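Dumped start14.txt below, it's compact mmCIF, C-alpha atoms:
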# COMPACT_ATOMS: atom_id res chain seq x y z
CA MET E 1 0.00 0.00 0.00
CA ARG E 2 2.80 2.42 0.90
CA ASN E 3 4.43 1.90 -2.51
CA GLN E 4 1.10 2.49 -4.25
CA VAL E 5 0.82 5.98 -2.74
CA LYS E 6 3.82 6.99 -4.87
CA LEU E 7 2.22 5.76 -8.09
CA THR E 8 0.81 8.23 -10.64
CA ASP E 9 -2.93 8.50 -11.12
CA GLU E 10 -2.68 6.63 -14.41
CA GLN E 11 -0.76 3.77 -12.78
CA LEU E 12 -3.38 3.57 -10.03
CA VAL E 13 -6.19 3.55 -12.61
CA ALA E 14 -4.47 0.68 -14.43
CA ALA E 15 -4.06 -1.21 -11.15
CA TYR E 16 -7.72 -0.66 -10.29
CA ALA E 17 -8.81 -1.77 -13.76
CA GLY E 18 -6.80 -4.93 -13.08
CA GLY E 19 -8.81 -5.63 -9.92
CA ASP E 20 -6.82 -3.84 -7.20
CA ASN E 21 -9.51 -2.02 -5.17
CA LYS E 22 -6.95 -0.38 -2.87
CA ALA E 23 -5.64 1.55 -5.87
CA PHE E 24 -9.00 3.29 -6.23
CA ASP E 25 -9.07 4.06 -2.49
CA ILE E 26 -5.82 5.97 -2.99
CA LEU E 27 -7.24 7.84 -6.00
CA LEU E 28 -10.31 8.77 -3.99
CA GLU E 29 -8.24 9.96 -1.05
CA ARG E 30 -5.95 11.92 -3.37
CA HIS E 31 -8.72 13.82 -5.17
CA LYS E 32 -11.74 13.95 -2.87
CA GLN E 33 -11.09 17.28 -1.15
CA LYS E 34 -10.32 19.33 -4.28
CA LEU E 35 -13.08 17.65 -6.29
CA PHE E 36 -15.72 18.26 -3.63
CA SER E 37 -14.64 21.92 -3.34
CA TYR E 38 -14.86 22.29 -7.13
CA ILE E 39 -18.37 20.79 -7.21
CA TYR E 40 -19.51 22.92 -4.29
CA GLN E 41 -18.29 26.05 -6.10
CA LEU E 42 -20.45 25.05 -9.06
CA VAL E 43 -23.68 24.24 -7.21
CA ARG E 44 -23.42 26.16 -3.90
CA ASP E 45 -25.40 23.48 -2.07
CA SER E 46 -23.59 20.96 0.15
CA ASP E 47 -26.20 18.19 -0.17
CA LEU E 48 -26.31 18.49 -3.96
CA ALA E 49 -22.50 18.73 -4.08
CA ASP E 50 -22.28 15.52 -2.03
CA ASP E 51 -24.68 13.75 -4.41
CA ILE E 52 -22.74 14.88 -7.48
CA PHE E 53 -19.44 13.96 -5.80
CA GLN E 54 -20.64 10.40 -5.16
CA GLU E 55 -22.17 10.14 -8.64
CA THR E 56 -18.86 11.28 -10.15
CA PHE E 57 -16.93 8.48 -8.48
CA VAL E 58 -19.62 5.89 -9.28
CA LYS E 59 -19.39 6.93 -12.94
CA ALA E 60 -15.58 6.82 -12.80
CA ILE E 61 -15.62 3.34 -11.22
CA THR E 62 -18.10 2.04 -13.80
CA THR E 63 -16.16 3.50 -16.73
CA ILE E 64 -12.80 2.17 -15.53
CA ARG E 65 -14.24 -1.28 -14.76
CA ARG E 66 -15.71 -1.68 -18.22
CA GLY E 67 -12.47 -0.49 -19.85
CA GLY E 68 -13.89 2.82 -21.04
CA TYR E 69 -11.20 5.06 -19.52
CA ASN E 70 -8.35 6.11 -21.79
CA ASP E 71 -5.31 7.84 -20.37
CA LEU E 72 -4.91 10.46 -23.10
CA GLY E 73 -5.44 13.26 -20.57
CA LYS E 74 -4.99 13.72 -16.86
CA PHE E 75 -7.16 11.55 -14.61
CA SER E 76 -8.03 14.59 -12.47
CA ALA E 77 -9.14 16.58 -15.54
CA TRP E 78 -11.34 13.63 -16.55
CA LEU E 79 -12.90 13.51 -13.06
CA TYR E 80 -13.58 17.26 -13.15
CA ARG E 81 -15.25 16.93 -16.56
CA ILE E 82 -17.53 14.18 -15.22
CA ALA E 83 -18.40 16.32 -12.18
CA ARG E 84 -19.05 19.40 -14.30
CA ASN E 85 -21.30 17.49 -16.69
CA LEU E 86 -23.25 16.02 -13.78
CA ALA E 87 -23.64 19.49 -12.23
CA VAL E 88 -24.90 20.88 -15.55
CA ASP E 89 -27.29 17.93 -15.85
CA SER E 90 -28.61 18.57 -12.34
CA PHE E 91 -29.33 22.21 -13.19
CA ARG E 92 -31.04 21.21 -16.43
CA ALA E 93 -33.13 18.66 -14.57
CA GLY E 94 -34.13 21.32 -12.04
CA LYS E 95 -32.68 19.53 -9.02
CA THR E 96 -31.74 22.78 -7.34
CA GLU E 97 -35.04 24.60 -7.53
CA GLY E 98 -38.43 24.08 -9.04
CA ALA E 99 -37.95 20.32 -9.26
CA LEU E 100 -40.92 18.46 -10.69
CA SER E 101 -42.83 16.17 -8.40
CA THR E 102 -43.84 12.72 -9.56
CA ASP E 103 -46.71 12.77 -7.06
CA ASP E 104 -48.86 14.40 -9.73
CA GLU E 105 -50.54 11.51 -11.51
CA ASN E 106 -50.74 13.53 -14.74
CA TYR E 107 -46.95 13.77 -14.87
CA ASP E 108 -45.31 11.02 -16.92
CA VAL E 109 -41.85 10.44 -15.43
CA LEU E 110 -40.64 8.72 -18.62
CA ASN E 111 -41.77 11.52 -20.90
CA ARG E 112 -39.03 13.95 -19.87
CA ARG E 113 -36.86 15.92 -22.25
CA ASP E 114 -33.84 15.75 -19.93
CA LEU E 115 -33.90 11.93 -20.16
CA ALA E 116 -33.89 11.92 -23.95
CA GLU E 117 -30.74 11.81 -26.04
CA ASP E 118 -29.60 15.10 -27.52
CA THR E 119 -30.92 15.89 -30.96
CA VAL E 120 -28.85 17.47 -33.73
CA GLU E 121 -30.60 20.77 -32.91
CA ASP E 122 -29.57 20.46 -29.24
CA LEU E 123 -25.97 19.86 -30.24
CA MET E 124 -26.04 22.86 -32.60
CA VAL E 125 -27.45 25.05 -29.82
CA ASP E 126 -24.71 23.79 -27.46
CA LEU E 127 -22.04 24.67 -30.05
CA GLN E 128 -23.57 28.14 -30.47
CA ILE E 129 -23.58 28.67 -26.70
CA GLU E 130 -19.95 27.56 -26.52
CA GLU E 131 -19.03 29.95 -29.36
CA ASP E 132 -20.91 32.86 -27.73
CA LEU E 133 -19.20 32.19 -24.41
CA ARG E 134 -15.80 32.00 -26.10
CA LYS E 135 -16.41 35.42 -27.73
CA LEU E 136 -17.37 36.91 -24.37
CA VAL E 137 -14.26 35.44 -22.72
CA ASP E 138 -12.09 36.75 -25.59
CA SER E 139 -13.39 40.28 -24.97
CA LEU E 140 -12.28 40.28 -21.31
CA PRO E 141 -9.17 42.26 -20.28
CA ASP E 142 -5.99 40.21 -20.86
CA ASN E 143 -5.29 39.28 -17.23
CA GLN E 144 -8.91 38.20 -16.61
CA ARG E 145 -9.11 36.25 -19.88
CA GLU E 146 -5.87 34.47 -19.00
CA VAL E 147 -7.21 33.30 -15.60
CA VAL E 148 -10.54 32.12 -17.09
CA ASN E 149 -8.77 30.17 -19.82
CA MET E 150 -6.33 28.58 -17.40
CA ARG E 151 -9.06 27.69 -14.90
CA PHE E 152 -11.90 26.47 -17.12
CA TYR E 153 -10.16 25.38 -20.28
CA GLY E 154 -6.79 24.40 -18.80
CA ASP E 155 -8.28 22.88 -15.63
CA LEU E 156 -5.57 24.46 -13.43
CA SER E 157 -5.97 25.17 -9.73
CA PHE E 158 -5.70 28.76 -8.50
CA LYS E 159 -2.36 27.85 -6.93
CA GLU E 160 -1.08 26.64 -10.32
CA ILE E 161 -2.47 29.77 -12.02
CA ALA E 162 -0.75 31.99 -9.45
CA GLU E 163 2.57 30.19 -9.98
CA GLN E 164 2.37 30.31 -13.77
CA THR E 165 1.37 33.98 -13.92
CA GLY E 166 3.72 35.13 -11.15
CA VAL E 167 1.00 36.60 -8.91
CA SER E 168 -0.44 35.72 -5.50
CA ILE E 169 -3.39 33.32 -5.18
CA ASN E 170 -5.52 36.24 -3.94
CA THR E 171 -4.70 38.20 -7.10
CA ALA E 172 -5.61 35.20 -9.27
CA LEU E 173 -8.89 34.78 -7.36
CA GLY E 174 -9.59 38.53 -7.67
CA ARG E 175 -9.05 38.42 -11.43
CA MET E 176 -11.45 35.48 -11.70
CA ARG E 177 -14.04 37.32 -9.63
CA TYR E 178 -13.83 40.42 -11.85
CA ALA E 179 -13.90 38.22 -14.96
CA LEU E 180 -17.14 36.57 -13.79
CA LEU E 181 -18.68 39.94 -12.93
CA ASN E 182 -17.72 41.26 -16.38
CA LEU E 183 -19.10 38.14 -18.09
CA ARG E 184 -22.42 38.51 -16.25
CA ARG E 185 -22.60 42.19 -17.24
CA MET E 186 -21.84 41.39 -20.89
CA VAL E 187 -24.41 38.57 -20.98
CA LYS E 188 -27.03 41.03 -19.73
CA GLU E 189 -25.97 43.91 -22.00
CA LYS E 190 -25.74 41.80 -25.15
CA ASP E 191 -28.81 39.75 -24.19
CA VAL E 192 -26.89 36.51 -24.78
CA SER E 193 -28.52 33.23 -23.74
CA LEU E 194 -26.12 30.66 -22.33
CA THR E 195 -28.75 27.97 -21.81
CA ARG E 196 -30.79 25.91 -24.21
What's the structure tokens form of this structure?
Amino acid sequence: MRNQVKLTDEQLVAAYAGGDNKAFDILLERHKQKLFSYIYQLVRDSDLADDIFQETFVKAITTIRRGGYNDLGKFSAWLYRIARNLAVDSFRAGKTEGALSTDDENYDVLNRRDLAEDTVEDLMVDLQIEEDLRKLVDSLPDNQREVVNMRFYGDLSFKEIAEQTGVSINTALGRMRYALLNLRRMVKEKDVSLTR
């Protein structure tokens, strides 16, 4: 076990895929704190964050066990993508507010748009949203744009961003805060819709 702690994430994933359950315990221990914090920042609800956190690891376990994980990227970046997608899904499904009740007998639980596969139109709308968001990010001041790109597209922690840009963590956090405020303002001013 002590030797396993020194293994890379990818080596631990391979060991787990080969049947070594302790390898996954190490991965979980290694990433749980940062991942939970990341999810909480997205949803701002500890119960929902806990649900998404558990769902993320269940999905990771299932994918690794059936041989669906490829090590082309970083394991942590893959985990964060799963968590982000689950958070987005939870917002789309209305888990945070205005959730539909299945107590109403006129409500058909199987006839839900969020359970259906995406259509070509949905995918086109998603691409348009991504393009609109990219344009908004590109119009931010240089230092704010840099932090947003490093954080959301580069999947770097604020500590890593601070080190790479030569500023303090507080400065990096401040730039992100102003970037988000500016993005919200621009979305309102330009009447851009970032949801489908």
**Prompt:** Could you work out how far CA of Arg81 (chain E) lies from CA of Gln4 (chain E), giving the answer in Å with one decimal?
**Reply:** 25.0 Å
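The smallest atom-to-atom distance between Phe53 (chain E) and any of E:Val192, E:Leu181, E:Ala83, E:Leu27, using all atoms listed in the file, is found for E:Ala83.
Candidate residues E:Glu189, E:Glu55, E:Ile61, E:Gly68 were compared for distance to Ser90 (chain E), and the nearest is E:Glu55, using only C-alpha atoms.
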If we draw a sphere of 9 Å around (-2.0, 34.6, -14.7), which residues have at least one atom in it when counting all atoms listed in the file? Please report them as a PDB file with C-alpha atoms, keeping the file's coordinate frame.
ATOM      1  CA  ASN E 143      -5.290  39.280 -17.230  1.00  0.00           C
ATOM      2  CA  GLN E 144      -8.910  38.200 -16.610  1.00  0.00           C
ATOM      3  CA  ARG E 145      -9.110  36.250 -19.880  1.00  0.00           C
ATOM      4  CA  GLU E 146      -5.870  34.470 -19.000  1.00  0.00           C
ATOM      5  CA  VAL E 147      -7.210  33.300 -15.600  1.00  0.00           C
ATOM      6  CA  MET E 150      -6.330  28.580 -17.400  1.00  0.00           C
ATOM      7  CA  ILE E 161      -2.470  29.770 -12.020  1.00  0.00           C
ATOM      8  CA  ALA E 162      -0.750  31.990  -9.450  1.00  0.00           C
ATOM      9  CA  GLU E 163       2.570  30.190  -9.980  1.00  0.00           C
ATOM     10  CA  GLN E 164       2.370  30.310 -13.770  1.00  0.00           C
ATOM     11  CA  THR E 165       1.370  33.980 -13.920  1.00  0.00           C
ATOM     12  CA  GLY E 166       3.720  35.130 -11.150  1.00  0.00           C
ATOM     13  CA  VAL E 167       1.000  36.600  -8.910  1.00  0.00           C
ATOM     14  CA  THR E 171      -4.700  38.200  -7.100  1.00  0.00           C
ATOM     15  CA  ALA E 172      -5.610  35.200  -9.270  1.00  0.00           C
ATOM     16  CA  ARG E 175      -9.050  38.420 -11.430  1.00  0.00           C
TER      17      ARG E 175
END
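The space separating CA of Asp142 (chain E) from CA of Lys159 (chain E) comes to 19.0 Å.
Using only C-alpha atoms, the nearest neighbour of Arg84 (chain E) within the list E:Phe57, E:Tyr38, E:Tyr69, E:Phe24 is E:Tyr38.
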Tell me, counting all atoms listed in the file, for each residue of region 16-73 of chain E within 12 Å of region 77-80 of chain E, which pair of atoms is nearest and how far apart they are in Å to one decimal, in rows ordered by chain and increasing number, as CSV.
residue,atom,partner,partner_atom,distance
E:Leu27,CA,E:Leu79,CA,10.7
E:Leu28,CA,E:Leu79,CA,10.6
E:His31,CA,E:Leu79,CA,8.9
E:Lys32,CA,E:Leu79,CA,10.3
E:Lys34,CA,E:Tyr80,CA,9.7
E:Leu35,CA,E:Tyr80,CA,6.9
E:Phe36,CA,E:Tyr80,CA,9.8
E:Ser37,CA,E:Tyr80,CA,10.9
E:Tyr38,CA,E:Tyr80,CA,7.9
E:Ile39,CA,E:Tyr80,CA,8.4
E:Leu42,CA,E:Tyr80,CA,11.2
E:Ile52,CA,E:Tyr80,CA,11.0
E:Phe53,CA,E:Leu79,CA,9.8
E:Gln54,CA,E:Leu79,CA,11.5
E:Glu55,CA,E:Leu79,CA,10.8
E:Thr56,CA,E:Leu79,CA,7.0
E:Phe57,CA,E:Leu79,CA,7.9
E:Val58,CA,E:Leu79,CA,10.8
E:Lys59,CA,E:Leu79,CA,9.2
E:Ala60,CA,E:Leu79,CA,7.2
E:Ile61,CA,E:Leu79,CA,10.7
E:Thr63,CA,E:Leu79,CA,11.1
E:Ile64,CA,E:Trp78,CA,11.6
E:Gly68,CA,E:Trp78,CA,12.0
E:Tyr69,CA,E:Trp78,CA,9.1
E:Asn70,CA,E:Trp78,CA,9.6
E:Asp71,CA,E:Trp78,CA,9.2
E:Leu72,CA,E:Trp78,CA,9.7
E:Gly73,CA,E:Ala77,CA,7.1
**Request:** Determine, counting only C-alpha atoms, which protein, DNA and RNA residues have an atom within 12 Å of an atom of Lys22 (chain E); residues of the same chain fewer than 2 positions away are not included. Present the result as a list in words.
**Result:** Met1, Arg2, Asn3, Gln4, Val5, Leu12, Val13, Ala14, Ala15, Tyr16, Ala17, Gly18, Gly19, Asp20, Phe24, Asp25, Ile26, Leu27, Leu28 and Glu29 of chain E
**Message:** Restricting the calculation to all atoms listed in the file: of E:Leu183, E:Glu10, E:Leu156, E:Lys188, which residue gets closest to Lys74 (chain E)?
**Reply:** E:Glu10
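Using all atoms listed in the file, the shortest contact distance between Asp51 (chain E) and any of E:Asp9, E:Leu86, E:Ser76, E:Ala23 is found at E:Leu86.
Computed from the coordinates, the CA of Glu130 (chain E) to CA of Asp89 (chain E) distance equals 16.1 Å.
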Will you model N, CA, C and O atoms for region 26-50 of chain E and pass it back as a PDB file, keeping the file's coordinate frame?
ATOM      1  N   ILE E  26      -6.870   4.945  -2.987  1.00  0.00           N
ATOM      2  CA  ILE E  26      -5.820   5.970  -2.990  1.00  0.00           C
ATOM      3  C   ILE E  26      -6.219   7.124  -3.902  1.00  0.00           C
ATOM      4  O   ILE E  26      -6.052   8.301  -3.557  1.00  0.00           O
ATOM      5  N   LEU E  27      -6.776   6.788  -5.086  1.00  0.00           N
ATOM      6  CA  LEU E  27      -7.240   7.840  -6.000  1.00  0.00           C
ATOM      7  C   LEU E  27      -8.307   8.702  -5.343  1.00  0.00           C
ATOM      8  O   LEU E  27      -8.279   9.931  -5.440  1.00  0.00           O
ATOM      9  N   LEU E  28      -9.233   8.052  -4.670  1.00  0.00           N
ATOM     10  CA  LEU E  28     -10.310   8.770  -3.990  1.00  0.00           C
ATOM     11  C   LEU E  28      -9.741   9.705  -2.929  1.00  0.00           C
ATOM     12  O   LEU E  28     -10.085  10.881  -2.865  1.00  0.00           O
ATOM     13  N   GLU E  29      -8.855   9.171  -2.120  1.00  0.00           N
ATOM     14  CA  GLU E  29      -8.240   9.960  -1.050  1.00  0.00           C
ATOM     15  C   GLU E  29      -7.455  11.147  -1.628  1.00  0.00           C
ATOM     16  O   GLU E  29      -7.493  12.255  -1.099  1.00  0.00           O
ATOM     17  N   ARG E  30      -6.791  10.904  -2.738  1.00  0.00           N
ATOM     18  CA  ARG E  30      -5.950  11.920  -3.370  1.00  0.00           C
ATOM     19  C   ARG E  30      -6.768  13.082  -3.934  1.00  0.00           C
ATOM     20  O   ARG E  30      -6.307  14.215  -3.942  1.00  0.00           O
ATOM     21  N   HIS E  31      -7.960  12.800  -4.436  1.00  0.00           N
ATOM     22  CA  HIS E  31      -8.720  13.820  -5.170  1.00  0.00           C
ATOM     23  C   HIS E  31      -9.990  14.313  -4.488  1.00  0.00           C
ATOM     24  O   HIS E  31     -10.576  15.291  -4.936  1.00  0.00           O
ATOM     25  N   LYS E  32     -10.415  13.660  -3.407  1.00  0.00           N
ATOM     26  CA  LYS E  32     -11.740  13.950  -2.870  1.00  0.00           C
ATOM     27  C   LYS E  32     -11.919  15.393  -2.391  1.00  0.00           C
ATOM     28  O   LYS E  32     -12.948  16.010  -2.665  1.00  0.00           O
ATOM     29  N   GLN E  33     -10.924  15.945  -1.720  1.00  0.00           N
ATOM     30  CA  GLN E  33     -11.090  17.280  -1.150  1.00  0.00           C
ATOM     31  C   GLN E  33     -11.223  18.350  -2.242  1.00  0.00           C
ATOM     32  O   GLN E  33     -12.149  19.163  -2.224  1.00  0.00           O
ATOM     33  N   LYS E  34     -10.287  18.325  -3.218  1.00  0.00           N
ATOM     34  CA  LYS E  34     -10.320  19.330  -4.280  1.00  0.00           C
ATOM     35  C   LYS E  34     -11.560  19.161  -5.158  1.00  0.00           C
ATOM     36  O   LYS E  34     -12.170  20.139  -5.576  1.00  0.00           O
ATOM     37  N   LEU E  35     -11.928  17.903  -5.427  1.00  0.00           N
ATOM     38  CA  LEU E  35     -13.080  17.650  -6.290  1.00  0.00           C
ATOM     39  C   LEU E  35     -14.365  18.132  -5.619  1.00  0.00           C
ATOM     40  O   LEU E  35     -15.196  18.782  -6.242  1.00  0.00           O
ATOM     41  N   PHE E  36     -14.515  17.816  -4.332  1.00  0.00           N
ATOM     42  CA  PHE E  36     -15.720  18.260  -3.630  1.00  0.00           C
ATOM     43  C   PHE E  36     -15.799  19.791  -3.615  1.00  0.00           C
ATOM     44  O   PHE E  36     -16.863  20.369  -3.841  1.00  0.00           O
ATOM     45  N   SER E  37     -14.673  20.447  -3.355  1.00  0.00           N
ATOM     46  CA  SER E  37     -14.640  21.920  -3.340  1.00  0.00           C
ATOM     47  C   SER E  37     -15.054  22.480  -4.695  1.00  0.00           C
ATOM     48  O   SER E  37     -15.816  23.451  -4.780  1.00  0.00           O
ATOM     49  N   TYR E  38     -14.536  21.855  -5.759  1.00  0.00           N
ATOM     50  CA  TYR E  38     -14.860  22.290  -7.130  1.00  0.00           C
ATOM     51  C   TYR E  38     -16.364  22.162  -7.373  1.00  0.00           C
ATOM     52  O   TYR E  38     -17.005  23.097  -7.871  1.00  0.00           O
ATOM     53  N   ILE E  39     -16.936  21.018  -7.002  1.00  0.00           N
ATOM     54  CA  ILE E  39     -18.370  20.790  -7.210  1.00  0.00           C
ATOM     55  C   ILE E  39     -19.186  21.780  -6.387  1.00  0.00           C
ATOM     56  O   ILE E  39     -20.155  22.361  -6.883  1.00  0.00           O
ATOM     57  N   TYR E  40     -18.776  21.989  -5.147  1.00  0.00           N
ATOM     58  CA  TYR E  40     -19.510  22.920  -4.290  1.00  0.00           C
ATOM     59  C   TYR E  40     -19.508  24.334  -4.887  1.00  0.00           C
ATOM     60  O   TYR E  40     -20.511  25.040  -4.836  1.00  0.00           O
ATOM     61  N   GLN E  41     -18.368  24.734  -5.464  1.00  0.00           N
ATOM     62  CA  GLN E  41     -18.290  26.050  -6.100  1.00  0.00           C
ATOM     63  C   GLN E  41     -19.273  26.162  -7.264  1.00  0.00           C
ATOM     64  O   GLN E  41     -19.795  27.231  -7.545  1.00  0.00           O
ATOM     65  N   LEU E  42     -19.521  25.043  -7.935  1.00  0.00           N
ATOM     66  CA  LEU E  42     -20.450  25.050  -9.060  1.00  0.00           C
ATOM     67  C   LEU E  42     -21.906  25.138  -8.603  1.00  0.00           C
ATOM     68  O   LEU E  42     -22.695  25.877  -9.175  1.00  0.00           O
ATOM     69  N   VAL E  43     -22.261  24.369  -7.571  1.00  0.00           N
ATOM     70  CA  VAL E  43     -23.680  24.240  -7.210  1.00  0.00           C
ATOM     71  C   VAL E  43     -24.099  25.019  -5.965  1.00  0.00           C
ATOM     72  O   VAL E  43     -25.279  25.260  -5.756  1.00  0.00           O
ATOM     73  N   ARG E  44     -23.145  25.373  -5.107  1.00  0.00           N
ATOM     74  CA  ARG E  44     -23.420  26.160  -3.900  1.00  0.00           C
ATOM     75  C   ARG E  44     -24.468  25.523  -2.985  1.00  0.00           C
ATOM     76  O   ARG E  44     -25.279  26.209  -2.394  1.00  0.00           O
ATOM     77  N   ASP E  45     -24.452  24.211  -2.919  1.00  0.00           N
ATOM     78  CA  ASP E  45     -25.400  23.480  -2.070  1.00  0.00           C
ATOM     79  C   ASP E  45     -24.674  22.212  -1.631  1.00  0.00           C
ATOM     80  O   ASP E  45     -24.331  21.374  -2.463  1.00  0.00           O
ATOM     81  N   SER E  46     -24.426  22.071  -0.320  1.00  0.00           N
ATOM     82  CA  SER E  46     -23.590  20.960   0.150  1.00  0.00           C
ATOM     83  C   SER E  46     -24.219  19.594  -0.085  1.00  0.00           C
ATOM     84  O   SER E  46     -23.519  18.639  -0.438  1.00  0.00           O
ATOM     85  N   ASP E  47     -25.551  19.477   0.070  1.00  0.00           N
ATOM     86  CA  ASP E  47     -26.200  18.190  -0.170  1.00  0.00           C
ATOM     87  C   ASP E  47     -26.107  17.795  -1.642  1.00  0.00           C
ATOM     88  O   ASP E  47     -25.792  16.652  -1.979  1.00  0.00           O
ATOM     89  N   LEU E  48     -26.396  18.755  -2.522  1.00  0.00           N
ATOM     90  CA  LEU E  48     -26.310  18.490  -3.960  1.00  0.00           C
ATOM     91  C   LEU E  48     -24.860  18.196  -4.356  1.00  0.00           C
ATOM     92  O   LEU E  48     -24.591  17.290  -5.145  1.00  0.00           O
ATOM     93  N   ALA E  49     -23.920  18.955  -3.780  1.00  0.00           N
ATOM     94  CA  ALA E  49     -22.500  18.730  -4.080  1.00  0.00           C
ATOM     95  C   ALA E  49     -22.092  17.326  -3.661  1.00  0.00           C
ATOM     96  O   ALA E  49     -21.359  16.635  -4.382  1.00  0.00           O
ATOM     97  N   ASP E  50     -22.581  16.873  -2.509  1.00  0.00           N
ATOM     98  CA  ASP E  50     -22.280  15.520  -2.030  1.00  0.00           C
ATOM     99  C   ASP E  50     -22.838  14.469  -2.985  1.00  0.00           C
ATOM    100  O   ASP E  50     -22.164  13.492  -3.310  1.00  0.00           O
TER     101      ASP E  50
END
